[in-house]
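Q: Contents of start-v3.txt (compact mmCIF, C-alpha atoms and all ligand atoms) are given next:
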# COMPACT_ATOMS: atom_id res chain seq x y z
CA MET U 16 128.40 98.21 147.65
CA LYS U 17 130.85 95.72 146.12
CA ASN U 18 129.80 96.15 142.49
CA ILE U 19 126.80 97.33 140.51
CA ILE U 20 125.53 95.12 137.71
CA LEU U 21 123.31 96.44 134.94
CA THR U 22 120.96 94.04 133.19
CA GLY U 23 118.28 94.59 130.59
CA PHE U 24 117.43 94.08 126.96
CA MET U 25 119.68 95.14 124.09
CA GLY U 26 119.41 98.89 123.65
CA SER U 27 118.31 99.54 127.21
CA GLY U 28 121.37 101.74 127.75
CA LYS U 29 123.49 99.45 129.95
CA THR U 30 126.81 100.41 128.40
CA GLU U 31 126.32 104.18 128.23
CA VAL U 32 124.70 104.36 131.64
CA GLY U 33 127.34 102.04 133.08
CA LYS U 34 130.26 104.09 131.79
CA ARG U 35 128.82 107.34 133.12
CA LEU U 36 127.89 105.79 136.44
CA ALA U 37 131.43 104.45 136.78
CA GLN U 38 132.81 107.96 136.22
CA ARG U 39 130.49 109.45 138.79
CA LEU U 40 131.25 106.84 141.45
CA GLY U 41 134.94 106.44 140.65
CA TYR U 42 134.37 102.76 139.88
CA ALA U 43 135.94 100.79 137.04
CA PHE U 44 133.77 99.66 134.12
CA LEU U 45 133.40 96.17 132.67
CA ASP U 46 131.24 94.83 129.87
CA THR U 47 130.67 91.06 129.67
CA ASP U 48 130.44 91.10 125.85
CA LYS U 49 133.82 92.83 125.69
CA LEU U 50 135.31 90.27 128.07
CA ILE U 51 134.07 87.48 125.80
CA GLU U 52 135.49 89.20 122.73
CA GLU U 53 138.86 89.63 124.45
CA LYS U 54 138.89 86.05 125.66
CA THR U 55 138.05 84.51 122.28
CA GLY U 56 139.62 87.08 119.98
CA LYS U 57 136.31 87.07 118.06
CA SER U 58 133.42 89.51 117.77
CA ILE U 59 130.03 88.56 119.23
CA SER U 60 128.65 88.20 115.68
CA GLU U 61 131.49 85.87 114.71
CA ILE U 62 130.88 83.69 117.76
CA PHE U 63 127.15 83.44 116.96
CA ARG U 64 127.87 82.72 113.29
CA GLU U 65 130.74 80.27 113.71
CA GLU U 66 129.89 78.53 116.97
CA GLY U 67 126.20 79.23 117.58
CA GLU U 68 124.24 80.84 120.39
CA SER U 69 124.66 77.98 122.87
CA SER U 70 128.43 78.29 122.71
CA PHE U 71 128.10 82.05 123.33
CA ARG U 72 125.90 81.33 126.38
CA GLU U 73 128.59 78.99 127.77
CA LEU U 74 131.15 81.77 127.40
CA GLU U 75 128.85 84.21 129.23
CA THR U 76 128.52 81.81 132.17
CA GLU U 77 132.27 81.24 132.28
CA VAL U 78 133.12 84.93 132.13
CA ILE U 79 130.85 85.93 135.01
CA LYS U 80 131.95 83.02 137.15
CA ASN U 81 135.45 84.43 136.85
CA LEU U 82 134.28 87.77 138.22
CA SER U 83 133.70 86.43 141.72
CA GLY U 84 135.77 88.31 144.25
CA ILE U 85 136.10 91.58 142.33
CA THR U 86 134.99 94.87 143.88
CA GLY U 87 134.53 98.44 142.73
CA TYR U 88 133.13 97.71 139.29
CA ILE U 89 130.12 98.73 137.28
CA ILE U 90 129.36 95.70 135.12
CA SER U 91 127.28 95.95 131.98
CA THR U 92 125.93 92.57 130.88
CA GLY U 93 124.71 91.09 127.60
CA GLY U 94 120.94 91.25 127.25
CA GLY U 95 120.49 87.47 127.37
CA ILE U 96 122.72 86.72 130.34
CA VAL U 97 119.76 86.43 132.72
CA ILE U 98 118.14 83.49 130.96
CA ARG U 99 120.37 81.09 132.93
CA GLU U 100 119.53 80.78 136.60
CA GLU U 101 123.16 80.18 137.52
CA ASN U 102 124.13 83.47 135.90
CA ILE U 103 121.55 85.39 137.93
CA LEU U 104 122.93 83.82 141.09
CA SER U 105 126.54 84.62 140.11
CA LEU U 106 125.61 88.22 139.44
CA LYS U 107 123.67 88.65 142.68
CA ASN U 108 126.62 87.21 144.52
CA ILE U 109 128.95 89.96 143.41
CA GLY U 110 126.73 93.01 143.82
CA LEU U 111 123.53 94.92 143.35
CA VAL U 112 121.69 93.89 140.17
CA ILE U 113 119.79 96.70 138.47
CA TRP U 114 117.41 96.06 135.57
CA LEU U 115 117.19 98.92 133.09
CA LYS U 116 113.65 98.49 131.79
CA ALA U 117 112.60 99.74 128.38
CA SER U 118 109.57 99.22 126.16
CA PRO U 119 109.91 97.59 122.71
CA GLU U 120 109.29 101.00 121.09
CA THR U 121 112.07 102.63 123.12
CA ILE U 122 114.39 99.76 122.32
CA ILE U 123 113.81 99.87 118.57
CA ASN U 124 114.47 103.63 118.58
CA ARG U 125 117.70 103.25 120.53
CA ILE U 126 119.09 100.46 118.40
CA SER U 127 120.63 102.10 115.39
CA SER U 128 122.33 99.07 113.92
CA ALA U 129 121.70 95.37 114.35
CA SER U 130 125.01 94.37 112.76
CA HIS U 131 126.63 93.59 116.12
CA ARG U 132 123.40 92.19 117.55
CA PRO U 133 122.82 88.97 115.64
CA LEU U 134 119.54 88.21 117.41
CA LEU U 135 117.97 91.36 115.98
CA ASN U 136 119.31 90.86 112.48
CA VAL U 137 115.88 89.70 111.26
CA ASP U 138 113.17 90.99 108.89
CA ASN U 139 110.96 92.32 111.67
CA PRO U 140 113.14 93.40 114.62
CA LEU U 141 110.22 94.98 116.53
CA GLU U 142 108.34 91.67 116.56
CA GLN U 143 111.51 89.89 117.63
CA ILE U 144 112.06 92.38 120.47
CA LYS U 145 108.49 91.88 121.69
CA LYS U 146 108.83 88.11 121.54
CA LEU U 147 112.18 87.97 123.37
CA LEU U 148 111.04 90.52 125.95
CA SER U 149 107.93 88.53 126.77
CA ILE U 150 110.10 85.45 127.34
CA ARG U 151 112.76 87.27 129.31
CA GLU U 152 110.75 89.62 131.51
CA GLN U 153 110.45 86.96 134.23
CA PHE U 154 114.24 86.69 134.34
CA TYR U 155 114.98 90.41 134.28
CA SER U 156 112.52 90.89 137.13
CA ARG U 157 114.79 88.84 139.40
CA ALA U 158 117.00 91.93 139.66
CA ASP U 159 117.28 93.67 143.05
CA VAL U 160 116.03 96.95 141.61
CA SER U 161 114.37 98.01 138.36
CA ILE U 162 114.43 101.42 136.73
CA ASP U 163 112.00 102.39 134.02
CA THR U 164 114.14 104.17 131.43
CA ASP U 165 111.42 105.07 128.89
CA GLY U 166 111.69 108.76 128.07
CA LEU U 167 114.82 109.21 130.18
CA GLU U 168 118.22 110.48 129.00
CA VAL U 169 121.36 108.63 130.08
CA ASP U 170 122.12 111.23 132.78
CA GLU U 171 118.62 110.90 134.19
CA VAL U 172 118.99 107.14 134.50
CA VAL U 173 122.35 107.65 136.22
CA LYS U 174 120.71 110.11 138.61
CA SER U 175 117.97 107.62 139.50
CA ILE U 176 120.59 104.98 140.23
CA LEU U 177 122.62 107.38 142.37
CA SER U 178 119.51 108.20 144.38
CA LEU U 179 118.81 104.57 145.29
CA GLU U 180 118.77 104.02 149.02
CA THR U 181 120.29 100.57 148.63
CA LEU U 182 123.44 102.04 147.07
C1 LIG X 1 122.25 89.50 123.41
C2 LIG X 1 122.62 90.80 123.73
C3 LIG X 1 123.90 91.40 123.30
C4 LIG X 1 124.95 90.31 123.12
C5 LIG X 1 124.45 89.24 122.20
C6 LIG X 1 123.17 88.57 122.71
C7 LIG X 1 120.92 89.00 123.84
O1 LIG X 1 124.35 92.33 124.29
O2 LIG X 1 125.32 89.76 124.35
O3 LIG X 1 124.24 89.80 120.94
O4 LIG X 1 120.72 87.78 123.85
O5 LIG X 1 120.06 89.84 124.22
P1 LIG X 1 123.72 93.80 124.49
O6 LIG X 1 122.52 93.64 125.36
O7 LIG X 1 124.81 94.55 125.18
O8 LIG X 1 123.41 94.35 123.14
Using structure tokens, write down the structure from this file.
A:
Amino acid sequence: MKNIILTGFMGSGKTEVGKRLAQRLGYAFLDTDKLIEEKTGKSISEIFREEGESSFRELETEVIKNLSGITGYIISTGGGIVIREENILSLKNIGLVIWLKASPETIINRISSASHRPLLNVDNPLEQIKKLLSIREQFYSRADVSIDTDGLEVDEVVKSILSLETL
């Protein structure tokens, strides 16, 4: 397998699972949000505040386009990366796309702070999660594999990924 890409909503465990999976497989780890922060010298919140969401989405597309040709990486992606068709295609091109599924209740429990997640910095984050999930589910489901992470610890999710036949 060239690379493994983790998609899913904010708080679905992409970063933690990705880092541990990388250790287990001896792969390197990449996070698209971090790449954007390094590229711009700004935090995700600053980009949203100063330039708006659409500018952030452009940066996401640019950053993953630049990943073509890499191998041996576990790539954790921002929760909204899948809403652009071209991004889904870019990701599928470089490896196996795995959707870490989680219910709104699981997500709200896993998200301790919304300060670095501008989209959830609202009065009723649970409602916002439900709304965004219902819009995005169709895009997440384009992944090659999905893993239901409700009730699972990070190590258990890693184990399920390691047991995939497609790996
Ligand atoms: C977003 C998810 C965030 C980050 C940005 C937008 C989204 O990443 O890219 O705040 O649209 O769901 P995480 O999923 O890593 O929190």
Q: Counting all atoms listed in the file, which residues of chain U sit at most 6 Å from some atom of ligand LIG 1 (chain X), and what is each one's closest atom pair with its distance in Å to one decimal, listed by chain and rising residue number, as CSV?
A:
residue,atom,partner,partner_atom,distance
U:Phe24,CA,X:LIG1,O6,5.4
U:Met25,CA,X:LIG1,O6,3.5
U:Asp48,CA,X:LIG1,O2,5.5
U:Gly93,CA,X:LIG1,O1,3.6
U:Gly94,CA,X:LIG1,O6,3.4
U:Gly95,CA,X:LIG1,O4,3.5
U:Arg132,CA,X:LIG1,O3,4.2
U:Pro133,CA,X:LIG1,O3,5.5
Q: Determine, counting all atoms listed in the file, which protein, DNA and RNA residues have an atom within 12 Å of an atom of stretch 51-66 of chain U; residues of the same chain fewer than 3 positions away are not included. Present the result as a PyMOL selection string.
A: chain U and resi 45-48+69-79+81+92-93+129-136
Q: Using C-alpha atoms, can you write the selected residues to a file as a PDB file, in the coordinates of the input?
A:
ATOM      1  CA  LEU U  45     133.400  96.170 132.670  1.00  0.00           C
ATOM      2  CA  ASP U  46     131.240  94.830 129.870  1.00  0.00           C
ATOM      3  CA  THR U  47     130.670  91.060 129.670  1.00  0.00           C
ATOM      4  CA  ASP U  48     130.440  91.100 125.850  1.00  0.00           C
ATOM      5  CA  SER U  69     124.660  77.980 122.870  1.00  0.00           C
ATOM      6  CA  SER U  70     128.430  78.290 122.710  1.00  0.00           C
ATOM      7  CA  PHE U  71     128.100  82.050 123.330  1.00  0.00           C
ATOM      8  CA  ARG U  72     125.900  81.330 126.380  1.00  0.00           C
ATOM      9  CA  GLU U  73     128.590  78.990 127.770  1.00  0.00           C
ATOM     10  CA  LEU U  74     131.150  81.770 127.400  1.00  0.00           C
ATOM     11  CA  GLU U  75     128.850  84.210 129.230  1.00  0.00           C
ATOM     12  CA  THR U  76     128.520  81.810 132.170  1.00  0.00           C
ATOM     13  CA  GLU U  77     132.270  81.240 132.280  1.00  0.00           C
ATOM     14  CA  VAL U  78     133.120  84.930 132.130  1.00  0.00           C
ATOM     15  CA  ILE U  79     130.850  85.930 135.010  1.00  0.00           C
ATOM     16  CA  ASN U  81     135.450  84.430 136.850  1.00  0.00           C
ATOM     17  CA  THR U  92     125.930  92.570 130.880  1.00  0.00           C
ATOM     18  CA  GLY U  93     124.710  91.090 127.600  1.00  0.00           C
ATOM     19  CA  ALA U 129     121.700  95.370 114.350  1.00  0.00           C
ATOM     20  CA  SER U 130     125.010  94.370 112.760  1.00  0.00           C
ATOM     21  CA  HIS U 131     126.630  93.590 116.120  1.00  0.00           C
ATOM     22  CA  ARG U 132     123.400  92.190 117.550  1.00  0.00           C
ATOM     23  CA  PRO U 133     122.820  88.970 115.640  1.00  0.00           C
ATOM     24  CA  LEU U 134     119.540  88.210 117.410  1.00  0.00           C
ATOM     25  CA  LEU U 135     117.970  91.360 115.980  1.00  0.00           C
ATOM     26  CA  ASN U 136     119.310  90.860 112.480  1.00  0.00           C
TER      27      ASN U 136
END
Q: Point out the residue among U:Asn124, U:Ser91, U:Asn139, U:Thr86 with the least atom-to-atom distance to U:Gly110, counting all atoms listed in the file.
A: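 Result for the nearest residue to U:Gly110: U:Thr86.
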Q: Give the answer as one residue: which of U:Val160, U:Ile113, U:Ile90, U:Ile98 has the shortest atom-to-atom distance to U:Ala37, using only C-alpha atoms?
A: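 So, comparing all the options, the nearest one is U:Ile90.
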Q: So that I can check the surroundings of stretch 161-177 of chain U, please list as an MDAnalysis selection string every protein, DNA and RNA residue that reaches within 9 Å of it, counting only C-alpha atoms and ignoring chain neighbours fewer than 4 positions away.
A: chainID U and resid 27:28 31:33 35:36 39:40 112:118 121:122 155:156 182
Q: Of the candidates U:Leu50, U:Ala43, U:Ile89, U:Leu104, which shows the shortest atom-to-atom distance to U:Asp159, using only C-alpha atoms?
A: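 That would be U:Leu104, the residue with the smallest distance to U:Asp159.
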Q: Determine the nearest neighbour of U:Phe44 from the options U:Ile109, U:Ile20, U:Thr181, U:Lys146, counting only C-alpha atoms.
A: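 Result for the nearest residue to U:Phe44: U:Ile20.
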Q: Might you pull out every residue within 8 Å of U:Pro119, with only C-alpha atoms counted and same-chain residues fewer than 6 positions away left off, and present them as a ChimeraX atom specification?
A: /U:141,144-145,148
Q: Ranking U:Ala158, U:Lys49, U:Gly26, U:Leu21 by minimum distance to U:Ile126 and counting all atoms listed in the file, which one comes first?
A: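 Comparing U:Ala158, U:Lys49, U:Gly26, U:Leu21 against U:Ile126, the winner is U:Gly26.
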Q: Record the distance separating atom CA of U:Asn18 and atom CA of U:Glu68, expressed in Å with one decimal.
A: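 Computed distance, atom CA of U:Asn18 to atom CA of U:Glu68, equals 27.5 Å.
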Q: One decimal, in Å: what's the spacing between atom CA of U:Lys17 and atom CA of U:Arg99?
A: 22.3 Å
Q: Would you work out the distance separating atom CA of U:Ser149 from atom CA of U:Leu82, expressed in Å to one decimal?
A: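 Rounded to one decimal, the two atoms are 28.7 Å apart.
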